[in-house]
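A.B. asks: One file is attached below, my_file33.txt, containing compact mmCIF, C-alpha atoms and all ligand atoms.
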# COMPACT_ATOMS: atom_id res chain seq x y z
CA MET A 1 0.00 0.00 0.00
CA GLU A 2 2.67 2.36 1.07
CA SER A 3 4.75 1.76 -2.04
CA GLU A 4 1.65 2.11 -4.24
CA LEU A 5 1.06 5.52 -2.67
CA LYS A 6 4.65 6.46 -3.25
CA LEU A 7 4.32 5.49 -6.91
CA ARG A 8 1.16 7.57 -7.31
CA LYS A 9 2.89 10.50 -5.67
CA GLN A 10 5.82 10.06 -7.96
CA SER A 11 3.72 9.97 -11.13
CA LYS A 12 1.85 13.05 -9.91
CA SER A 13 5.05 14.98 -9.38
CA THR A 14 6.29 13.90 -12.84
CA LYS A 15 3.11 15.31 -14.37
CA GLU A 16 3.67 18.50 -12.41
CA ILE A 17 7.17 18.82 -13.79
CA GLN A 18 5.86 18.26 -17.30
CA LYS A 19 3.19 20.92 -16.72
CA ASN A 20 5.75 23.37 -15.42
CA GLU A 21 8.04 22.86 -18.40
CA LYS A 22 8.18 25.91 -20.58
CA PRO A 23 7.30 25.36 -24.21
CA PRO A 24 10.35 25.57 -26.47
CA THR A 25 11.11 29.16 -27.39
CA ASN A 26 11.27 30.35 -30.97
CA GLN A 27 14.93 31.02 -30.50
CA VAL A 28 15.61 27.34 -30.01
CA ASN A 29 13.50 26.39 -33.03
CA GLU A 30 15.34 28.88 -35.17
CA GLN A 31 18.76 27.37 -34.51
CA PRO A 32 20.34 25.95 -37.75
CA LYS A 33 19.67 22.24 -38.15
CA ILE A 34 22.68 19.93 -37.82
CA PRO A 35 22.51 17.23 -40.51
CA GLN A 36 22.11 13.77 -38.95
CA LEU A 37 25.06 11.60 -40.03
CA LYS A 38 24.29 7.95 -40.56
CA TYR A 39 27.16 6.72 -38.33
CA GLY A 40 27.10 9.54 -35.82
CA PRO A 41 29.22 12.66 -35.87
CA MET A 42 32.67 12.60 -37.38
CA PRO A 43 35.45 12.90 -34.81
CA LYS A 44 36.17 16.56 -34.44
CA PHE A 45 39.80 16.32 -33.46
CA SER A 46 42.63 14.67 -35.36
CA GLY A 47 43.62 13.03 -32.01
CA GLN A 48 40.32 11.19 -31.99
CA ARG A 49 40.93 10.00 -35.54
CA ILE A 50 44.38 8.75 -34.70
CA PHE A 51 42.95 6.95 -31.69
CA SER A 52 40.19 5.24 -33.68
CA ARG A 53 42.69 4.17 -36.36
CA ALA A 54 45.05 2.82 -33.71
CA VAL A 55 42.17 0.78 -32.25
CA ILE A 56 41.43 -0.73 -35.68
CA ILE A 57 45.11 -1.55 -36.29
CA VAL A 58 45.47 -3.18 -32.87
CA ALA A 59 42.29 -5.22 -33.47
CA VAL A 60 43.63 -6.42 -36.85
CA LEU A 61 47.00 -7.34 -35.29
CA ILE A 62 45.32 -9.27 -32.48
CA TYR A 63 43.22 -11.16 -35.03
CA VAL A 64 46.26 -12.00 -37.19
CA TRP A 65 48.27 -13.07 -34.11
CA TYR A 66 45.59 -15.37 -32.78
CA TYR A 67 44.32 -16.68 -36.12
CA PRO A 68 46.73 -19.68 -36.34
CA LYS A 69 45.60 -20.77 -32.87
CA ASN A 70 42.03 -20.78 -34.05
CA GLY A 71 43.12 -22.84 -37.06
CA LYS A 72 44.26 -26.43 -36.92
CA GLU A 73 47.58 -26.29 -35.10
CA VAL A 74 49.98 -24.65 -32.72
CA ILE A 75 53.72 -24.92 -33.43
CA LEU A 76 55.60 -26.20 -30.38
CA ALA A 77 58.97 -26.15 -32.16
CA GLN A 78 59.90 -24.70 -35.52
CA SER A 79 62.75 -26.20 -37.52
CA GLY A 80 64.48 -22.84 -37.91
CA ASP A 81 64.55 -22.02 -34.18
CA VAL A 82 66.80 -23.31 -31.41
CA TYR A 83 65.13 -24.10 -28.09
CA THR A 84 67.06 -24.84 -24.93
CA ASN A 85 63.94 -26.12 -23.23
CA ARG A 86 60.47 -25.61 -24.58
CA GLY A 87 57.40 -27.54 -23.63
CA VAL A 88 53.99 -27.77 -22.08
CA ASN A 89 52.41 -29.80 -19.33
CA VAL A 90 49.28 -31.79 -20.05
CA ASN A 91 47.05 -33.71 -17.66
CA CYS A 92 48.20 -37.29 -17.28
CA ASP A 93 45.88 -39.94 -18.63
CA LYS A 94 44.22 -41.71 -15.66
CA ALA A 95 45.12 -45.23 -16.74
CA TYR A 96 48.74 -44.21 -17.41
CA LEU A 97 49.02 -42.67 -13.96
CA GLU A 98 47.35 -45.65 -12.34
CA GLU A 99 49.79 -48.05 -14.03
CA ILE A 100 52.96 -46.05 -13.36
CA LYS A 101 52.06 -45.42 -9.69
CA SER A 102 53.53 -48.72 -8.59
CA TYR A 103 57.06 -47.70 -9.71
CA SER A 104 58.42 -45.47 -7.00
CA GLY A 105 60.80 -42.75 -8.18
CA CYS A 106 59.42 -43.04 -11.70
CA VAL A 107 56.05 -41.26 -11.38
CA PRO A 108 55.91 -37.94 -13.26
CA LYS A 109 55.10 -34.84 -11.19
CA LYS A 110 53.22 -33.72 -14.29
CA CYS A 111 52.79 -35.19 -17.74
CA GLY A 112 53.85 -33.21 -20.78
CA ARG A 113 55.84 -32.78 -23.97
CA PHE A 114 59.16 -31.03 -24.40
CA VAL A 115 61.75 -30.10 -26.98
CA MET A 116 65.47 -29.51 -26.32
CA ASP A 117 67.90 -28.47 -29.03
CA ARG A 118 71.09 -28.26 -26.99
CA LEU A 119 71.29 -31.79 -25.62
CA VAL A 120 72.75 -33.31 -28.79
CA THR A 121 75.20 -31.46 -31.01
CA GLU A 122 74.87 -31.35 -34.79
CA TYR A 123 78.14 -33.28 -35.01
CA GLU A 124 76.79 -36.07 -32.80
CA ALA A 125 73.59 -36.10 -34.86
CA ASP A 126 75.72 -36.44 -38.01
CA ILE A 127 77.62 -39.40 -36.58
CA LEU A 128 74.30 -41.09 -35.82
CA LEU A 129 72.92 -40.16 -39.24
CA TRP A 130 75.91 -41.73 -41.01
CA LEU A 131 75.54 -44.81 -38.84
CA ALA A 132 71.87 -45.07 -39.88
CA LYS A 133 72.74 -44.61 -43.55
CA ARG A 134 75.49 -47.23 -43.48
CA GLY A 135 73.22 -49.75 -41.76
CA MET A 136 70.27 -49.07 -44.01
CA SER A 137 72.42 -49.43 -47.12
CA LEU A 138 72.55 -53.16 -46.29
CA ALA A 139 68.79 -53.54 -46.60
CA GLU A 140 65.63 -51.49 -46.69
CA SER A 141 61.89 -51.77 -46.71
CA SER A 142 59.97 -51.96 -49.99
CA GLY A 143 57.65 -49.35 -48.51
CA GLY A 144 58.16 -45.96 -46.89
CA ALA A 145 59.47 -46.97 -43.44
CA THR A 146 62.86 -48.62 -42.85
CA ILE A 147 63.63 -49.55 -39.24
CA MET A 148 67.02 -50.48 -37.75
CA ASP A 149 67.27 -51.70 -34.17
CA LEU A 150 70.89 -51.86 -33.02
CA HIS A 151 69.93 -53.72 -29.86
CA SER A 152 68.21 -56.68 -31.51
CA GLY A 153 69.85 -56.40 -34.95
CA ALA A 154 66.46 -56.14 -36.70
CA LEU A 155 66.64 -54.31 -40.03
CA SER A 156 63.78 -53.86 -42.51
CA TYR A 157 64.22 -55.89 -45.66
CA LYS A 158 61.49 -55.63 -48.31
CA THR A 159 58.35 -56.57 -46.39
CA THR A 160 60.12 -58.36 -43.55
CA PHE A 161 63.22 -58.04 -41.33
CA ILE A 162 66.73 -59.47 -41.36
CA ASN A 163 69.06 -59.70 -38.38
CA PHE A 164 72.40 -58.15 -39.26
CA TYR A 165 74.12 -59.61 -36.19
CA LYS A 166 73.09 -63.13 -37.18
CA SER A 167 74.28 -62.62 -40.76
CA GLY A 168 77.60 -61.18 -39.51
CA LYS A 169 77.04 -57.83 -41.21
CA ASP A 170 77.47 -55.64 -38.14
CA ASN A 171 80.90 -54.22 -39.00
CA PHE A 172 79.32 -50.91 -40.06
CA ILE A 173 79.11 -49.98 -36.33
CA THR A 174 82.27 -48.27 -35.01
CA PRO A 175 83.37 -47.75 -31.37
CA THR A 176 82.76 -43.99 -31.84
CA ASP A 177 79.16 -44.73 -32.88
CA LEU A 178 78.65 -46.75 -29.71
CA LEU A 179 80.10 -44.03 -27.51
CA VAL A 180 77.96 -41.31 -29.09
CA TYR A 181 74.85 -43.49 -28.99
CA ARG A 182 75.34 -44.21 -25.28
CA THR A 183 76.18 -40.68 -24.14
CA VAL A 184 73.26 -39.24 -26.12
CA ARG A 185 70.96 -41.76 -24.49
CA GLU A 186 72.32 -40.90 -21.02
CA ARG A 187 71.84 -37.16 -21.55
CA ILE A 188 68.25 -37.68 -22.71
CA GLN A 189 67.55 -39.92 -19.73
CA ALA A 190 68.87 -37.24 -17.36
CA ALA A 191 66.76 -34.56 -19.08
CA ILE A 192 63.61 -36.69 -18.81
CA ALA A 193 64.30 -37.39 -15.12
CA GLU A 194 64.90 -33.71 -14.40
CA THR A 195 61.86 -32.51 -16.40
CA PHE A 196 59.37 -34.93 -14.89
CA GLY A 197 60.89 -34.99 -11.37
CA LEU A 198 62.06 -38.63 -11.43
CA ASP A 199 64.92 -40.53 -9.92
CA GLY A 200 67.03 -41.11 -13.06
CA THR A 201 68.31 -44.44 -11.71
CA LYS A 202 64.71 -45.76 -11.71
CA LEU A 203 64.36 -45.20 -15.43
CA TYR A 204 65.58 -47.85 -17.88
CA LEU A 205 66.23 -48.01 -21.59
CA THR A 206 63.65 -50.33 -23.16
CA TYR A 207 62.66 -51.93 -26.50
CA PRO A 208 62.02 -51.11 -29.21
CA THR A 209 64.67 -48.40 -29.46
CA PHE A 210 65.36 -47.92 -33.14
CA PHE A 211 66.47 -45.75 -36.05
CA SER A 212 63.89 -44.90 -38.69
CA LYS A 213 64.06 -43.68 -42.27
CA LEU A 214 60.75 -42.43 -43.64
CA THR A 215 60.06 -41.68 -47.30
CA ASN A 216 57.12 -41.15 -49.62
CA LYS A 217 57.26 -44.72 -51.03
CA GLU A 218 53.92 -46.48 -51.22
CA PRO A 219 53.46 -48.85 -48.23
CA ALA A 220 54.22 -52.48 -48.99
CA HIS A 221 53.31 -53.71 -45.51
CA VAL A 222 51.38 -52.40 -42.52
CA HIS A 223 54.80 -51.60 -40.91
CA ASP A 224 55.25 -48.90 -43.54
CA GLU A 225 52.16 -46.97 -42.47
CA TYR A 226 53.91 -44.65 -40.07
CA TRP A 227 51.36 -41.82 -40.28
CA HIS A 228 48.63 -43.32 -38.09
CA VAL A 229 47.66 -41.65 -34.84
CA HIS A 230 48.78 -43.74 -31.89
CA VAL A 231 49.56 -43.73 -28.18
CA ASP A 232 52.99 -45.20 -27.49
CA LYS A 233 51.90 -46.93 -24.28
CA PHE A 234 49.32 -48.89 -26.30
CA THR A 235 51.59 -49.59 -29.28
CA TYR A 236 54.66 -50.56 -27.23
CA GLU A 237 53.51 -51.73 -23.83
CA SER A 238 56.88 -51.29 -22.10
CA PHE A 239 57.09 -47.52 -22.81
CA HIS A 240 56.62 -44.96 -20.04
CA TYR A 241 58.62 -42.11 -21.54
CA THR A 242 59.33 -41.67 -25.25
CA SER A 243 62.12 -39.64 -26.77
CA LEU A 244 63.00 -38.86 -30.35
CA VAL A 245 66.25 -37.57 -31.76
CA TYR A 246 65.95 -35.99 -35.17
CA LEU A 247 68.93 -36.54 -37.44
CA ASN A 248 68.09 -34.25 -40.34
CA ASN A 249 66.09 -31.17 -41.16
CA TYR A 250 62.47 -30.63 -42.10
CA ARG A 251 62.24 -28.47 -45.28
CA GLN A 252 65.97 -28.80 -46.14
CA ASP A 253 66.28 -32.60 -46.32
CA PHE A 254 62.66 -33.66 -46.64
CA GLN A 255 59.16 -32.26 -46.98
CA GLY A 256 56.19 -33.33 -44.84
CA GLY A 257 57.16 -35.60 -41.94
CA ARG A 258 56.35 -33.19 -39.13
CA PHE A 259 55.41 -34.70 -35.76
CA LEU A 260 51.96 -33.75 -34.45
CA TYR A 261 50.31 -34.21 -31.07
CA LEU A 262 46.65 -34.74 -31.73
CA GLU A 263 44.48 -32.45 -29.67
CA ASN A 264 40.81 -33.25 -29.38
CA THR A 265 39.79 -32.21 -25.91
CA ALA A 266 37.12 -29.83 -24.65
CA LYS A 267 39.97 -27.36 -23.95
CA SER A 268 41.61 -27.44 -27.35
CA LYS A 269 41.20 -28.82 -30.85
CA HIS A 270 44.52 -27.51 -32.12
CA ASN A 271 47.19 -30.07 -32.96
CA MET A 272 50.63 -29.27 -31.64
CA THR A 273 53.50 -29.59 -34.09
CA VAL A 274 57.17 -30.39 -33.69
CA GLU A 275 59.22 -29.77 -36.82
CA PRO A 276 62.27 -32.04 -37.00
CA ARG A 277 65.68 -30.39 -36.84
CA LYS A 278 69.12 -32.03 -36.80
CA GLY A 279 70.03 -32.81 -33.17
CA ARG A 280 66.60 -31.87 -31.82
CA VAL A 281 65.39 -34.02 -28.92
CA SER A 282 61.67 -34.28 -28.38
CA PHE A 283 60.30 -36.24 -25.45
CA PHE A 284 57.00 -36.88 -23.72
CA THR A 285 55.09 -39.09 -21.32
CA SER A 286 53.94 -42.14 -23.30
CA GLY A 287 50.32 -42.30 -22.06
CA ALA A 288 47.06 -41.40 -23.77
CA GLU A 289 47.67 -37.74 -22.85
CA ASN A 290 50.02 -37.66 -25.83
CA PRO A 291 48.40 -39.23 -28.90
CA HIS A 292 50.49 -38.36 -31.94
CA PHE A 293 51.36 -39.11 -35.54
CA VAL A 294 53.95 -38.29 -38.18
CA GLU A 295 52.75 -36.57 -41.32
CA LYS A 296 53.44 -38.38 -44.58
CA VAL A 297 56.83 -37.48 -46.01
CA THR A 298 56.24 -36.06 -49.48
CA GLU A 299 59.87 -35.64 -50.61
CA GLY A 300 63.32 -36.75 -49.44
CA GLU A 301 64.32 -39.06 -46.56
CA ARG A 302 63.59 -38.33 -42.89
CA PHE A 303 65.91 -39.87 -40.28
CA ALA A 304 65.19 -40.15 -36.56
CA ILE A 305 65.84 -42.37 -33.54
CA THR A 306 63.11 -43.45 -31.15
CA ILE A 307 64.72 -43.96 -27.73
CA SER A 308 62.30 -45.35 -25.20
CA PHE A 309 62.36 -45.62 -21.43
CA THR A 310 60.48 -47.73 -18.95
CA CYS A 311 60.01 -47.75 -15.18
CA ASP A 312 59.71 -51.53 -15.23
CA GLU A 313 63.17 -53.00 -14.58
CA SER A 314 62.10 -56.36 -16.03
CA LYS A 315 61.65 -54.64 -19.43
CA LYS A 316 65.06 -52.95 -19.51
CA ILE A 317 67.57 -53.52 -22.28
CA LYS A 318 71.34 -53.34 -22.02
CA ASP A 319 73.55 -50.63 -23.42
CA LEU A 320 74.92 -51.49 -26.84
CA GLU A 321 78.55 -51.92 -25.83
CA LYS A 322 77.45 -54.47 -23.27
CA SER A 323 75.08 -56.28 -25.59
CA LEU A 324 77.71 -56.40 -28.36
CA LYS A 325 80.34 -58.08 -26.16
O1 LIG B 401 59.66 -40.31 -35.72
C1 LIG B 401 58.85 -39.67 -35.07
O2 LIG B 401 58.82 -38.42 -35.07
C2 LIG B 401 57.82 -40.35 -34.21
C3 LIG B 401 57.86 -41.82 -34.28
C4 LIG B 401 56.87 -42.43 -33.35
O3 LIG B 401 55.80 -41.92 -33.12
C5 LIG B 401 57.20 -43.66 -32.68
O4 LIG B 401 58.28 -44.22 -32.90
O5 LIG B 401 56.37 -44.13 -31.87
FE FE B 402 54.97 -42.86 -31.34
Here is a file; write its structure as structure tokens.
Ligand SMILES: O=C(O)CCC(=O)C(=O)O
Ligand SMILES: [Fe+2]

C.D. replies:
Amino acid sequence: MESELKLRKQSKSTKEIQKNEKPPTNQVNEQPKIPQLKYGPMPKFSGQRIFSRAVIIVAVLIYVWYYPKNGKEVILAQSGDVYTNRGVNVNCDKAYLEEIKSYSGCVPKKCGRFVMDRLVTEYEADILLWLAKRGMSLAESSGGATIMDLHSGALSYKTTFINFYKSGKDNFITPTDLLVYRTVRERIQAAIAETFGLDGTKLYLTYPTFFSKLTNKEPAHVHDEYWHVHVDKFTYESFHYTSLVYLNNYRQDFQGGRFLYLENTAKSKHNMTVEPRKGRVSFFTSGAENPHFVEKVTEGERFAITISFTCDESKKIKDLEKSLK
């Protein structure tokens, strides 16, 4: 009731004000009419113009800057750049975490993916590249993926594998190769332990650890289809941490063949790309938080090493010098 009264009073007083308003004087009516501009008045001062132009330029720059992120991918590492340590954390896959939990000292503080360009020198990468080329000159796949595993001796041959140790053809491996291979592996292991907060002595080299040569040859066997999306933990059960050493350069030595993390979460749909670069080390937790694939190589030959680590001591493999003795 009270508020109703108030309202009535209010409307009354409004009417009163309206009544008391003086009618517009002639003077006002006689003022020259300002033409109504469609988009409002033009800015009167050049400062205002500069400001509005600056706003447009900044908006365009922001759009251009963010556009690639709204597209299909984000570049984690470009082939022309050198990164000491670049990476991102991702949430660990539940099953991966559950499985790895039983290995004390080997559980990652956070899962993720990283790139380091200063762990392996170009010279070391060259030594490993020449080693791969010498080995793969003995035999190669009929399709686009040739694999050479120095630990087991497996080497792609047409649509199958030969064992170069069994056929006595292992004299292409020199003591320098073995030394470089081992020290590179040790440095990567230390970097993985440091990055994920592990006890490095609880991490073991595992199988398969292998060299790969990828080309644009038509696949002759399912082994040649290297471009499928996969999770390393599912493909190679023993893996807990995966590392890759690139031995030659994307764009210079081959086209295509970039490495992509597939992103299809509520948070992001943008794949994350690593462009191979000679001596570049890329590593990541091997669970379903890091599904990935390699783009088809369209030209040239792409060389890399997959060096894998496990927390499960029963799945460890020996260093090459020891296994060769
Ligand atoms: O060569 C690469 O970049 C990745 C290879 C790969 O995904 C693998 O060996 O599991
Ligand atoms: Fe993989």

A.B. asks: Could you produce a table of the residues of chain A lying within 9 Å of ligand LIG 401 (chain B), with the nearest pair of atoms per residue and their separation in Å rounded to one decimal, using all atoms listed in the file, ordered by chain and increasing residue number, as a tab-separated table?

C.D. replies:
residue	atom	partner	partner_atom	distance
A:Pro208	CA	B:LIG401	O4	8.7
A:Thr209	CA	B:LIG401	O4	8.4
A:Phe210	CA	B:LIG401	O4	8.0
A:Phe211	CA	B:LIG401	O1	8.7
A:Ser212	CA	B:LIG401	O1	6.9
A:Lys213	CA	B:LIG401	O1	8.6
A:Leu214	CA	B:LIG401	O1	8.3
A:Tyr226	CA	B:LIG401	C3	7.6
A:Trp227	CA	B:LIG401	O3	8.4
A:His228	CA	B:LIG401	O3	8.8
A:Val229	CA	B:LIG401	O3	8.3
A:His230	CA	B:LIG401	O3	7.4
A:Val231	CA	B:LIG401	O5	7.8
A:Asp232	CA	B:LIG401	O5	5.6
A:Thr235	CA	B:LIG401	O5	7.7
A:Tyr236	CA	B:LIG401	O5	8.1
A:Thr242	CA	B:LIG401	O5	7.7
A:Ser243	CA	B:LIG401	O4	8.6
A:Leu244	CA	B:LIG401	O2	6.3
A:Val245	CA	B:LIG401	O1	8.2
A:Tyr246	CA	B:LIG401	O2	7.5
A:Gly257	CA	B:LIG401	O2	7.6
A:Arg258	CA	B:LIG401	O2	7.1
A:Phe259	CA	B:LIG401	O2	5.1
A:Leu260	CA	B:LIG401	O2	8.3
A:Val274	CA	B:LIG401	O2	8.3
A:Glu275	CA	B:LIG401	O2	8.8
A:Pro276	CA	B:LIG401	O2	7.5
A:Ser282	CA	B:LIG401	O2	8.4
A:Pro291	CA	B:LIG401	O3	8.9
A:His292	CA	B:LIG401	O3	6.5
A:Phe293	CA	B:LIG401	O3	5.8
A:Val294	CA	B:LIG401	O2	5.8
A:Glu295	CA	B:LIG401	O2	8.9
A:Arg302	CA	B:LIG401	O1	8.4
A:Phe303	CA	B:LIG401	O1	7.7
A:Ala304	CA	B:LIG401	O1	5.6
A:Ile305	CA	B:LIG401	O1	6.9
A:Thr306	CA	B:LIG401	O4	5.2
A:Ile307	CA	B:LIG401	O4	8.3
A:Ser308	CA	B:LIG401	O4	8.8

A.B. asks: Could you list as a list in words every residue that has an atom within 6 Å of (63.7, -36.9, -46.8), using the file's coordinates and counting only C-alpha atoms?

C.D. replies: Asp253, Phe254, Glu299, Gly300, Glu301 and Arg302 of chain A

A.B. asks: Can those selected residues be exported to a file as a JSON list (two decimals), keeping the file's coordinate frame so that it contains C-alpha atoms?

C.D. replies:
[["chain", "number", "residue", "atom", "x", "y", "z"],
["A", 253, "ASP", "CA", 66.28, -32.60, -46.32],
["A", 254, "PHE", "CA", 62.66, -33.66, -46.64],
["A", 299, "GLU", "CA", 59.87, -35.64, -50.61],
["A", 300, "GLY", "CA", 63.32, -36.75, -49.44],
["A", 301, "GLU", "CA", 64.32, -39.06, -46.56],
["A", 302, "ARG", "CA", 63.59, -38.33, -42.89]]

A.B. asks: How many Å lie between CA of Arg182 (chain A) and CA of Ser102 (chain A), rounded to one decimal?

C.D. replies: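 Rounded to one decimal, the two atoms are 27.8 Å apart.
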
A.B. asks: Excluding Pro175 (chain A) and any residue of its chain fewer than 2 positions from it, enumerate the residues within 12 Å of it, using all atoms listed in the file, and give them as a list of chain:residue names.

C.D. replies: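 In the requested form, the answer reads A:Ile127, A:Leu131, A:Asp170, A:Asn171, A:Phe172, A:Ile173, A:Asp177, A:Leu178, A:Leu179, A:Val180, A:Tyr181, A:Arg182, A:Leu320, A:Glu321, A:Leu324, A:Lys325.
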
A.B. asks: Around the point (62.5, -47.1, -51.0) (coordinates from the file), which residues reach within 6 Å if we count all atoms listed in the file? Answer as a list in words.

C.D. replies: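 Residues found, by chain and rising number: Ser142, Gly143 and Lys217 of chain A.
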
A.B. asks: Quick one: distance from CA of Lys169 (chain A) to CA of Gly135 (chain A) in Å, one decimal?

C.D. replies: 9.0 Å
